[in-house]
Amino acid sequence: MAKALRTQDKIIVAAEKLFSEHGFEQTSLRQITSEAEVNLASVNYHFGSKKALIQAVMARYQSVFMPALAEQLYQLQKNPEQVSTEDVLACVMQPMIALRQVRVDGPVIYLRLLGYAYSEIQGHLRKFTMTNYGEIVHEFFQLIQQANPNVCPKTLFWRLHFSLGAMLFAQTSSQALREIAAADFGEETQAEETLLKLLPFVAAGISAAEPDVES
């Protein structure tokens, strides 16, 4: 049993490394088995398919991130009449930091994987996420709607995904941005501060008035 667990962990760690560097589509099972130093039969035995392996890699992060997000949302709802867009978005901060439990650079790795999930249209991952954590996702969206009663759900859908794109860029490019800020403005910042700087900008975009569309 211990050997089996070690083999499974080796495969997940190798897959996570390669997926985060090259994406899901550009990473083959043979590359993963070579990195993990296991045979292809081991991958098929433990996971059954590449899709299942992708889900297992994401599950390592979501099993930490989603419960932490649920707790933050629960605390926020204790004063529902005072909820703002920035308050709801801020609920993501602590869960992101909690991803360091998975690995030191967990927040960056998770967002890279999430970025590939969207850019490569990994629909099975959305189904996997909604099956396991759909209630938390819906709760987050409902709080965003509550904070923006004058913005229609369809518009909020687009704006939230635009915001996700901004978050992916800010986090995955955090080191480069901080180096530029230090060189050009003499500002020394920590990695966590990047998202804190982003929150007011994203919140303002989500909560902006609906555009007037001429008929």
# chains A, B, ... in the order shown; residues from 1 in each chain; ligands from 1
$ residues_around --residues "A:Ile97" --least-positions-apart "6" --cutoff "10 Å" --atoms "only C-alpha atoms" --output "list in words"
Phe65, Ala68, Val104, Asp105, Gly106, Pro107 and Glu192 of chain A
$ write_last_selection --atoms "all heavy atoms" --output "PDB file, in the first residue's frame"
ATOM      1  N   PHE A  65      -8.440  25.082  -1.399  1.00  0.00           N
ATOM      2  CA  PHE A  65      -8.973  26.400  -1.749  1.00  0.00           C
ATOM      3  C   PHE A  65     -10.474  26.518  -1.493  1.00  0.00           C
ATOM      4  O   PHE A  65     -10.931  27.506  -0.873  1.00  0.00           O
ATOM      5  CB  PHE A  65      -8.685  26.687  -3.227  1.00  0.00           C
ATOM      6  CG  PHE A  65      -9.193  28.013  -3.698  1.00  0.00           C
ATOM      7  CD1 PHE A  65      -8.429  29.162  -3.529  1.00  0.00           C
ATOM      8  CD2 PHE A  65     -10.427  28.129  -4.312  1.00  0.00           C
ATOM      9  CE1 PHE A  65      -8.897  30.400  -3.953  1.00  0.00           C
ATOM     10  CE2 PHE A  65     -10.903  29.352  -4.748  1.00  0.00           C
ATOM     11  CZ  PHE A  65     -10.137  30.490  -4.562  1.00  0.00           C
ATOM     12  N   ALA A  68     -11.731  26.690   2.201  1.00  0.00           N
ATOM     13  CA  ALA A  68     -11.290  27.964   2.775  1.00  0.00           C
ATOM     14  C   ALA A  68     -12.141  29.108   2.237  1.00  0.00           C
ATOM     15  O   ALA A  68     -12.493  30.038   2.980  1.00  0.00           O
ATOM     16  CB  ALA A  68      -9.816  28.204   2.461  1.00  0.00           C
ATOM     17  N   VAL A 104       5.006  25.609  -1.716  1.00  0.00           N
ATOM     18  CA  VAL A 104       5.345  26.999  -1.415  1.00  0.00           C
ATOM     19  C   VAL A 104       4.794  27.952  -2.466  1.00  0.00           C
ATOM     20  O   VAL A 104       4.263  29.018  -2.148  1.00  0.00           O
ATOM     21  CB  VAL A 104       6.875  27.169  -1.282  1.00  0.00           C
ATOM     22  CG1 VAL A 104       7.227  28.651  -1.115  1.00  0.00           C
ATOM     23  CG2 VAL A 104       7.390  26.366  -0.099  1.00  0.00           C
ATOM     24  N   ASP A 105       4.918  27.579  -3.736  1.00  0.00           N
ATOM     25  CA  ASP A 105       4.420  28.430  -4.815  1.00  0.00           C
ATOM     26  C   ASP A 105       3.034  27.985  -5.283  1.00  0.00           C
ATOM     27  O   ASP A 105       2.655  28.191  -6.438  1.00  0.00           O
ATOM     28  CB  ASP A 105       5.397  28.448  -5.991  1.00  0.00           C
ATOM     29  CG  ASP A 105       5.720  27.039  -6.506  1.00  0.00           C
ATOM     30  OD1 ASP A 105       5.340  26.059  -5.832  1.00  0.00           O
ATOM     31  OD2 ASP A 105       6.363  26.931  -7.565  1.00  0.00           O
ATOM     32  N   GLY A 106       2.270  27.405  -4.372  1.00  0.00           N
ATOM     33  CA  GLY A 106       0.947  26.887  -4.692  1.00  0.00           C
ATOM     34  C   GLY A 106       0.012  27.882  -5.371  1.00  0.00           C
ATOM     35  O   GLY A 106      -0.657  27.534  -6.347  1.00  0.00           O
ATOM     36  N   PRO A 107      -0.088  29.138  -4.884  1.00  0.00           N
ATOM     37  CA  PRO A 107      -0.990  30.094  -5.531  1.00  0.00           C
ATOM     38  C   PRO A 107      -0.678  30.312  -7.005  1.00  0.00           C
ATOM     39  O   PRO A 107      -1.577  30.350  -7.848  1.00  0.00           O
ATOM     40  CB  PRO A 107      -0.772  31.377  -4.717  1.00  0.00           C
ATOM     41  CG  PRO A 107      -0.356  30.890  -3.370  1.00  0.00           C
ATOM     42  CD  PRO A 107       0.493  29.689  -3.645  1.00  0.00           C
ATOM     43  N   GLU A 192       2.048  38.781  -2.009  1.00  0.00           N
ATOM     44  CA  GLU A 192       0.631  38.881  -1.645  1.00  0.00           C
ATOM     45  C   GLU A 192       0.050  40.260  -1.973  1.00  0.00           C
ATOM     46  O   GLU A 192      -1.157  40.399  -2.208  1.00  0.00           O
ATOM     47  CB  GLU A 192       0.440  38.607  -0.151  1.00  0.00           C
ATOM     48  CG  GLU A 192       0.765  37.191   0.291  1.00  0.00           C
ATOM     49  CD  GLU A 192       2.257  36.990   0.513  1.00  0.00           C
ATOM     50  OE1 GLU A 192       3.022  37.966   0.361  1.00  0.00           O
ATOM     51  OE2 GLU A 192       2.658  35.851   0.826  1.00  0.00           O
TER      52      GLU A 192
END
$ residues_around --residues "stretch 198-200 of chain A" --least-positions-apart "4" --cutoff "9 Å" --atoms "only C-alpha atoms" --output "MDAnalysis selection string"
chainID A and resid 86 89:90 166:167 170 193:194 204:205
$ residues_around --residues "A:Phe24" --least-positions-apart "3" --cutoff "8 Å" --atoms "only C-alpha atoms" --output "PyMOL selection string"
chain A and resi 19+27+54+116-117+120
$ closest_residue --among "A:Leu125, A:Leu99, A:Gly115, A:Ala208" --to "A:Cys152" --atoms "only C-alpha atoms"
A:Ala208
$ atom_distance --atom1 "atom CA of A:Ile32" --atom2 "atom CA of A:Gln55"
14.8 Å
$ closest_residue --among "A:Lys51, A:Leu40, A:Leu18, A:Tyr118" --to "A:His161" --atoms "only C-alpha atoms"
A:Tyr118
$ atom_distance --atom1 "atom CA of A:Gly165" --atom2 "atom CA of A:Gly123"
17.3 Å
$ select_by_dssp --residues "stretch 119-154 of chain A" --states "helix (DSSP H, G or I)" --output "list of chain:residue names"
A:Ser119, A:Gly123, A:His124, A:Leu125, A:Arg126, A:Lys127, A:Phe128, A:Thr129, A:Met130, A:Thr131, A:Asn132, A:Tyr133, A:Gly134, A:Glu135, A:Ile136, A:Val137, A:His138, A:Glu139, A:Phe140, A:Phe141, A:Gln142, A:Leu143, A:Ile144, A:Gln145, A:Gln146, A:Ala147, A:Pro153, A:Lys154
$ residues_around --residues "A:Phe140" --least-positions-apart "4" --cutoff "10 Å" --atoms "only C-alpha atoms" --output "PDB file with all heavy atoms, in the first residue's frame"
ATOM      1  N   LEU A  69     -12.494  29.053   0.959  1.00  0.00           N
ATOM      2  CA  LEU A  69     -13.363  30.077   0.376  1.00  0.00           C
ATOM      3  C   LEU A  69     -14.756  30.019   0.995  1.00  0.00           C
ATOM      4  O   LEU A  69     -15.346  31.058   1.309  1.00  0.00           O
ATOM      5  CB  LEU A  69     -13.463  29.878  -1.138  1.00  0.00           C
ATOM      6  CG  LEU A  69     -14.409  30.829  -1.887  1.00  0.00           C
ATOM      7  CD1 LEU A  69     -14.002  32.286  -1.682  1.00  0.00           C
ATOM      8  CD2 LEU A  69     -14.450  30.480  -3.376  1.00  0.00           C
ATOM      9  N   ALA A  70     -15.257  28.816   1.198  1.00  0.00           N
ATOM     10  CA  ALA A  70     -16.580  28.657   1.813  1.00  0.00           C
ATOM     11  C   ALA A  70     -16.615  29.300   3.198  1.00  0.00           C
ATOM     12  O   ALA A  70     -17.602  29.952   3.569  1.00  0.00           O
ATOM     13  CB  ALA A  70     -16.942  27.174   1.902  1.00  0.00           C
ATOM     14  N   LEU A  73     -16.711  33.123   2.832  1.00  0.00           N
ATOM     15  CA  LEU A  73     -18.043  33.560   2.400  1.00  0.00           C
ATOM     16  C   LEU A  73     -19.044  33.480   3.546  1.00  0.00           C
ATOM     17  O   LEU A  73     -19.920  34.350   3.695  1.00  0.00           O
ATOM     18  CB  LEU A  73     -18.523  32.706   1.221  1.00  0.00           C
ATOM     19  CG  LEU A  73     -17.700  32.815  -0.069  1.00  0.00           C
ATOM     20  CD1 LEU A  73     -18.235  31.836  -1.119  1.00  0.00           C
ATOM     21  CD2 LEU A  73     -17.715  34.235  -0.620  1.00  0.00           C
ATOM     22  N   VAL A  88     -16.472  40.773  -1.321  1.00  0.00           N
ATOM     23  CA  VAL A  88     -16.628  39.416  -1.852  1.00  0.00           C
ATOM     24  C   VAL A  88     -15.327  38.950  -2.501  1.00  0.00           C
ATOM     25  O   VAL A  88     -14.871  37.825  -2.275  1.00  0.00           O
ATOM     26  CB  VAL A  88     -17.787  39.353  -2.876  1.00  0.00           C
ATOM     27  CG1 VAL A  88     -17.964  37.911  -3.373  1.00  0.00           C
ATOM     28  CG2 VAL A  88     -19.089  39.855  -2.261  1.00  0.00           C
ATOM     29  N   LEU A  89     -14.724  39.813  -3.289  1.00  0.00           N
ATOM     30  CA  LEU A  89     -13.467  39.453  -3.945  1.00  0.00           C
ATOM     31  C   LEU A  89     -12.364  39.188  -2.929  1.00  0.00           C
ATOM     32  O   LEU A  89     -11.517  38.305  -3.126  1.00  0.00           O
ATOM     33  CB  LEU A  89     -13.039  40.559  -4.908  1.00  0.00           C
ATOM     34  CG  LEU A  89     -13.953  40.817  -6.105  1.00  0.00           C
ATOM     35  CD1 LEU A  89     -13.430  41.989  -6.926  1.00  0.00           C
ATOM     36  CD2 LEU A  89     -14.084  39.570  -6.973  1.00  0.00           C
ATOM     37  N   CYS A  91     -12.578  37.731  -0.268  1.00  0.00           N
ATOM     38  CA  CYS A  91     -12.722  36.383   0.290  1.00  0.00           C
ATOM     39  C   CYS A  91     -11.784  35.381  -0.384  1.00  0.00           C
ATOM     40  O   CYS A  91     -11.526  34.305   0.156  1.00  0.00           O
ATOM     41  CB  CYS A  91     -14.170  35.898   0.129  1.00  0.00           C
ATOM     42  SG  CYS A  91     -15.350  36.715   1.212  1.00  0.00           S
ATOM     43  N   VAL A  92     -11.270  35.731  -1.546  1.00  0.00           N
ATOM     44  CA  VAL A  92     -10.373  34.834  -2.271  1.00  0.00           C
ATOM     45  C   VAL A  92      -8.952  34.884  -1.717  1.00  0.00           C
ATOM     46  O   VAL A  92      -8.177  33.942  -1.881  1.00  0.00           O
ATOM     47  CB  VAL A  92     -10.372  35.211  -3.772  1.00  0.00           C
ATOM     48  CG1 VAL A  92      -9.340  34.398  -4.548  1.00  0.00           C
ATOM     49  CG2 VAL A  92     -11.764  35.011  -4.365  1.00  0.00           C
ATOM     50  N   GLY A 134     -19.904  22.985  -6.544  1.00  0.00           N
ATOM     51  CA  GLY A 134     -20.867  23.859  -7.198  1.00  0.00           C
ATOM     52  C   GLY A 134     -21.576  24.807  -6.240  1.00  0.00           C
ATOM     53  O   GLY A 134     -21.824  25.974  -6.576  1.00  0.00           O
ATOM     54  N   GLU A 135     -21.899  24.338  -5.048  1.00  0.00           N
ATOM     55  CA  GLU A 135     -22.606  25.182  -4.083  1.00  0.00           C
ATOM     56  C   GLU A 135     -21.763  26.393  -3.681  1.00  0.00           C
ATOM     57  O   GLU A 135     -22.287  27.497  -3.524  1.00  0.00           O
ATOM     58  CB  GLU A 135     -22.978  24.368  -2.839  1.00  0.00           C
ATOM     59  CG  GLU A 135     -24.071  23.335  -3.081  1.00  0.00           C
ATOM     60  CD  GLU A 135     -24.480  22.637  -1.804  1.00  0.00           C
ATOM     61  OE1 GLU A 135     -24.009  23.046  -0.720  1.00  0.00           O
ATOM     62  OE2 GLU A 135     -25.260  21.673  -1.880  1.00  0.00           O
ATOM     63  N   ILE A 136     -20.472  26.188  -3.538  1.00  0.00           N
ATOM     64  CA  ILE A 136     -19.584  27.290  -3.152  1.00  0.00           C
ATOM     65  C   ILE A 136     -19.468  28.289  -4.295  1.00  0.00           C
ATOM     66  O   ILE A 136     -19.508  29.510  -4.071  1.00  0.00           O
ATOM     67  CB  ILE A 136     -18.200  26.742  -2.756  1.00  0.00           C
ATOM     68  CG1 ILE A 136     -18.327  25.767  -1.589  1.00  0.00           C
ATOM     69  CG2 ILE A 136     -17.244  27.886  -2.404  1.00  0.00           C
ATOM     70  CD1 ILE A 136     -17.053  25.011  -1.266  1.00  0.00           C
ATOM     71  N   ILE A 144     -21.894  38.250  -5.255  1.00  0.00           N
ATOM     72  CA  ILE A 144     -21.534  39.281  -6.231  1.00  0.00           C
ATOM     73  C   ILE A 144     -22.795  39.953  -6.768  1.00  0.00           C
ATOM     74  O   ILE A 144     -22.858  41.191  -6.906  1.00  0.00           O
ATOM     75  CB  ILE A 144     -20.717  38.680  -7.396  1.00  0.00           C
ATOM     76  CG1 ILE A 144     -19.304  38.308  -6.929  1.00  0.00           C
ATOM     77  CG2 ILE A 144     -20.643  39.655  -8.572  1.00  0.00           C
ATOM     78  CD1 ILE A 144     -18.391  39.481  -6.650  1.00  0.00           C
ATOM     79  N   GLN A 145     -23.816  39.158  -7.048  1.00  0.00           N
ATOM     80  CA  GLN A 145     -25.088  39.713  -7.517  1.00  0.00           C
ATOM     81  C   GLN A 145     -25.725  40.595  -6.450  1.00  0.00           C
ATOM     82  O   GLN A 145     -26.265  41.661  -6.750  1.00  0.00           O
ATOM     83  CB  GLN A 145     -26.046  38.580  -7.904  1.00  0.00           C
ATOM     84  CG  GLN A 145     -25.689  37.875  -9.193  1.00  0.00           C
ATOM     85  CD  GLN A 145     -26.697  36.805  -9.552  1.00  0.00           C
ATOM     86  OE1 GLN A 145     -26.893  35.843  -8.811  1.00  0.00           O
ATOM     87  NE2 GLN A 145     -27.367  36.976 -10.678  1.00  0.00           N
ATOM     88  N   GLN A 146     -25.662  40.132  -5.210  1.00  0.00           N
ATOM     89  CA  GLN A 146     -26.236  40.889  -4.101  1.00  0.00           C
ATOM     90  C   GLN A 146     -25.553  42.248  -3.953  1.00  0.00           C
ATOM     91  O   GLN A 146     -26.193  43.253  -3.646  1.00  0.00           O
ATOM     92  CB  GLN A 146     -26.081  40.079  -2.814  1.00  0.00           C
ATOM     93  CG  GLN A 146     -26.642  40.755  -1.571  1.00  0.00           C
ATOM     94  CD  GLN A 146     -26.436  39.910  -0.328  1.00  0.00           C
ATOM     95  OE1 GLN A 146     -26.565  38.695  -0.371  1.00  0.00           O
ATOM     96  NE2 GLN A 146     -26.105  40.547   0.778  1.00  0.00           N
TER      97      GLN A 146
END
$ closest_residue --among "A:Ala183, A:Leu111, A:Met93, A:Ala59" --to "A:Thr131" --atoms "only C-alpha atoms"
A:Ala59
$ atom_distance --atom1 "atom CA of A:Ala56" --atom2 "atom CA of A:Leu113"
12.1 Å
$ closest_residue --among "A:Ser207, A:Gln94, A:Gln171, A:Thr189" --to "A:Pro153" --atoms "only C-alpha atoms"
A:Ser207
$ decode --residues "stretch 72-88 of chain A" --atoms "all heavy atoms" --output "mmCIF file, in the first residue's frame"
data_model
loop_
_atom_site.group_PDB
_atom_site.id
_atom_site.type_symbol
_atom_site.label_atom_id
_atom_site.label_comp_id
_atom_site.auth_asym_id
_atom_site.auth_seq_id
_atom_site.Cartn_x
_atom_site.Cartn_y
_atom_site.Cartn_z
ATOM 1 N N GLN A 72 -14.721 31.798 4.286
ATOM 2 C CA GLN A 72 -14.668 33.245 4.120
ATOM 3 C C GLN A 72 -16.033 33.802 3.712
ATOM 4 O O GLN A 72 -16.462 34.854 4.209
ATOM 5 C CB GLN A 72 -13.616 33.617 3.068
ATOM 6 C CG GLN A 72 -12.192 33.309 3.471
ATOM 7 C CD GLN A 72 -11.719 34.136 4.652
ATOM 8 O OE1 GLN A 72 -11.902 35.349 4.703
ATOM 9 N NE2 GLN A 72 -11.109 33.478 5.624
ATOM 10 N N LEU A 73 -16.711 33.123 2.832
ATOM 11 C CA LEU A 73 -18.043 33.560 2.400
ATOM 12 C C LEU A 73 -19.044 33.480 3.546
ATOM 13 O O LEU A 73 -19.920 34.350 3.695
ATOM 14 C CB LEU A 73 -18.523 32.706 1.221
ATOM 15 C CG LEU A 73 -17.700 32.815 -0.069
ATOM 16 C CD1 LEU A 73 -18.235 31.836 -1.119
ATOM 17 C CD2 LEU A 73 -17.715 34.235 -0.620
ATOM 18 N N TYR A 74 -18.917 32.440 4.359
ATOM 19 C CA TYR A 74 -19.796 32.293 5.525
ATOM 20 C C TYR A 74 -19.619 33.463 6.480
ATOM 21 O O TYR A 74 -20.605 34.027 6.982
ATOM 22 C CB TYR A 74 -19.489 30.970 6.231
ATOM 23 C CG TYR A 74 -20.181 30.811 7.561
ATOM 24 C CD1 TYR A 74 -21.547 30.506 7.623
ATOM 25 C CD2 TYR A 74 -19.483 30.974 8.759
ATOM 26 C CE1 TYR A 74 -22.192 30.371 8.847
ATOM 27 C CE2 TYR A 74 -20.121 30.844 9.983
ATOM 28 C CZ TYR A 74 -21.480 30.540 10.015
ATOM 29 O OH TYR A 74 -22.113 30.425 11.235
ATOM 30 N N GLN A 75 -18.383 33.835 6.741
ATOM 31 C CA GLN A 75 -18.112 34.951 7.647
ATOM 32 C C GLN A 75 -18.656 36.258 7.070
ATOM 33 O O GLN A 75 -19.188 37.101 7.814
ATOM 34 C CB GLN A 75 -16.600 35.076 7.899
ATOM 35 C CG GLN A 75 -15.979 33.908 8.641
ATOM 36 C CD GLN A 75 -16.546 33.734 10.050
ATOM 37 O OE1 GLN A 75 -16.931 34.705 10.710
ATOM 38 N NE2 GLN A 75 -16.601 32.489 10.515
ATOM 39 N N LEU A 76 -18.542 36.415 5.772
ATOM 40 C CA LEU A 76 -19.013 37.639 5.125
ATOM 41 C C LEU A 76 -20.529 37.788 5.243
ATOM 42 O O LEU A 76 -21.047 38.887 5.409
ATOM 43 C CB LEU A 76 -18.598 37.636 3.650
ATOM 44 C CG LEU A 76 -18.941 38.888 2.832
ATOM 45 C CD1 LEU A 76 -18.230 40.116 3.403
ATOM 46 C CD2 LEU A 76 -18.565 38.681 1.374
ATOM 47 N N GLN A 77 -21.229 36.670 5.188
ATOM 48 C CA GLN A 77 -22.691 36.715 5.189
ATOM 49 C C GLN A 77 -23.282 37.032 6.562
ATOM 50 O O GLN A 77 -24.493 37.183 6.688
ATOM 51 C CB GLN A 77 -23.251 35.387 4.677
ATOM 52 C CG GLN A 77 -23.016 35.186 3.190
ATOM 53 C CD GLN A 77 -23.637 33.898 2.692
ATOM 54 O OE1 GLN A 77 -24.831 33.820 2.398
ATOM 55 N NE2 GLN A 77 -22.830 32.850 2.625
ATOM 56 N N LYS A 78 -22.441 37.151 7.565
ATOM 57 C CA LYS A 78 -22.952 37.524 8.887
ATOM 58 C C LYS A 78 -23.472 38.961 8.894
ATOM 59 O O LYS A 78 -24.263 39.336 9.752
ATOM 60 C CB LYS A 78 -21.851 37.349 9.940
ATOM 61 C CG LYS A 78 -21.513 35.886 10.219
ATOM 62 C CD LYS A 78 -20.464 35.751 11.306
ATOM 63 C CE LYS A 78 -20.186 34.278 11.630
ATOM 64 N NZ LYS A 78 -19.155 34.125 12.690
ATOM 65 N N ASN A 79 -22.995 39.787 7.941
ATOM 66 C CA ASN A 79 -23.492 41.154 7.783
ATOM 67 C C ASN A 79 -23.860 41.385 6.316
ATOM 68 O O ASN A 79 -23.208 42.170 5.617
ATOM 69 C CB ASN A 79 -22.426 42.176 8.224
ATOM 70 C CG ASN A 79 -22.103 42.059 9.702
ATOM 71 O OD1 ASN A 79 -22.961 42.292 10.546
ATOM 72 N ND2 ASN A 79 -20.871 41.688 10.009
ATOM 73 N N PRO A 80 -24.878 40.695 5.841
ATOM 74 C CA PRO A 80 -25.195 40.718 4.407
ATOM 75 C C PRO A 80 -25.570 42.086 3.862
ATOM 76 O O PRO A 80 -25.347 42.376 2.690
ATOM 77 C CB PRO A 80 -26.378 39.740 4.303
ATOM 78 C CG PRO A 80 -26.984 39.736 5.668
ATOM 79 C CD PRO A 80 -25.833 39.886 6.610
ATOM 80 N N GLU A 81 -26.137 42.957 4.707
ATOM 81 C CA GLU A 81 -26.573 44.265 4.212
ATOM 82 C C GLU A 81 -25.389 45.174 3.908
ATOM 83 O O GLU A 81 -25.538 46.206 3.239
ATOM 84 C CB GLU A 81 -27.493 44.938 5.233
ATOM 85 C CG GLU A 81 -26.822 45.383 6.532
ATOM 86 C CD GLU A 81 -26.550 44.240 7.501
ATOM 87 O OE1 GLU A 81 -27.035 43.125 7.227
ATOM 88 O OE2 GLU A 81 -25.866 44.472 8.514
ATOM 89 N N GLN A 82 -24.195 44.830 4.353
ATOM 90 C CA GLN A 82 -23.019 45.678 4.160
ATOM 91 C C GLN A 82 -22.031 45.102 3.138
ATOM 92 O O GLN A 82 -20.920 45.588 2.996
ATOM 93 C CB GLN A 82 -22.308 45.876 5.499
ATOM 94 C CG GLN A 82 -23.171 46.525 6.568
ATOM 95 C CD GLN A 82 -22.470 46.572 7.919
ATOM 96 O OE1 GLN A 82 -21.289 46.261 8.035
ATOM 97 N NE2 GLN A 82 -23.207 46.958 8.947
ATOM 98 N N VAL A 83 -22.445 44.080 2.408
ATOM 99 C CA VAL A 83 -21.532 43.409 1.492
ATOM 100 C C VAL A 83 -21.271 44.260 0.252
ATOM 101 O O VAL A 83 -22.201 44.750 -0.383
ATOM 102 C CB VAL A 83 -22.106 42.043 1.059
ATOM 103 C CG1 VAL A 83 -21.259 41.437 -0.056
ATOM 104 C CG2 VAL A 83 -22.153 41.093 2.246
ATOM 105 N N SER A 84 -19.990 44.445 -0.072
ATOM 106 C CA SER A 84 -19.598 45.159 -1.284
ATOM 107 C C SER A 84 -18.870 44.196 -2.221
ATOM 108 O O SER A 84 -18.457 43.101 -1.814
ATOM 109 C CB SER A 84 -18.671 46.329 -0.940
ATOM 110 O OG SER A 84 -17.410 45.842 -0.489
ATOM 111 N N THR A 85 -18.697 44.614 -3.455
ATOM 112 C CA THR A 85 -17.986 43.778 -4.422
ATOM 113 C C THR A 85 -16.566 43.484 -3.941
ATOM 114 O O THR A 85 -16.098 42.347 -4.020
ATOM 115 C CB THR A 85 -17.920 44.474 -5.792
ATOM 116 O OG1 THR A 85 -19.253 44.738 -6.241
ATOM 117 C CG2 THR A 85 -17.211 43.608 -6.816
ATOM 118 N N GLU A 86 -15.898 44.499 -3.424
ATOM 119 C CA GLU A 86 -14.528 44.303 -2.960
ATOM 120 C C GLU A 86 -14.482 43.343 -1.776
ATOM 121 O O GLU A 86 -13.543 42.548 -1.647
ATOM 122 C CB GLU A 86 -13.896 45.643 -2.581
ATOM 123 C CG GLU A 86 -12.392 45.569 -2.396
ATOM 124 C CD GLU A 86 -11.718 46.926 -2.377
ATOM 125 O OE1 GLU A 86 -12.349 47.926 -2.788
ATOM 126 O OE2 GLU A 86 -10.566 46.993 -1.940
ATOM 127 N N ASP A 87 -15.514 43.368 -0.915
ATOM 128 C CA ASP A 87 -15.577 42.426 0.210
ATOM 129 C C ASP A 87 -15.639 40.986 -0.296
ATOM 130 O O ASP A 87 -14.972 40.096 0.244
ATOM 131 C CB ASP A 87 -16.816 42.701 1.067
ATOM 132 C CG ASP A 87 -16.720 44.005 1.843
ATOM 133 O OD1 ASP A 87 -15.587 44.443 2.129
ATOM 134 O OD2 ASP A 87 -17.783 44.582 2.151
ATOM 135 N N VAL A 88 -16.472 40.773 -1.321
ATOM 136 C CA VAL A 88 -16.628 39.416 -1.852
ATOM 137 C C VAL A 88 -15.327 38.950 -2.501
ATOM 138 O O VAL A 88 -14.871 37.825 -2.275
ATOM 139 C CB VAL A 88 -17.787 39.353 -2.876
ATOM 140 C CG1 VAL A 88 -17.964 37.911 -3.373
ATOM 141 C CG2 VAL A 88 -19.089 39.855 -2.261
#
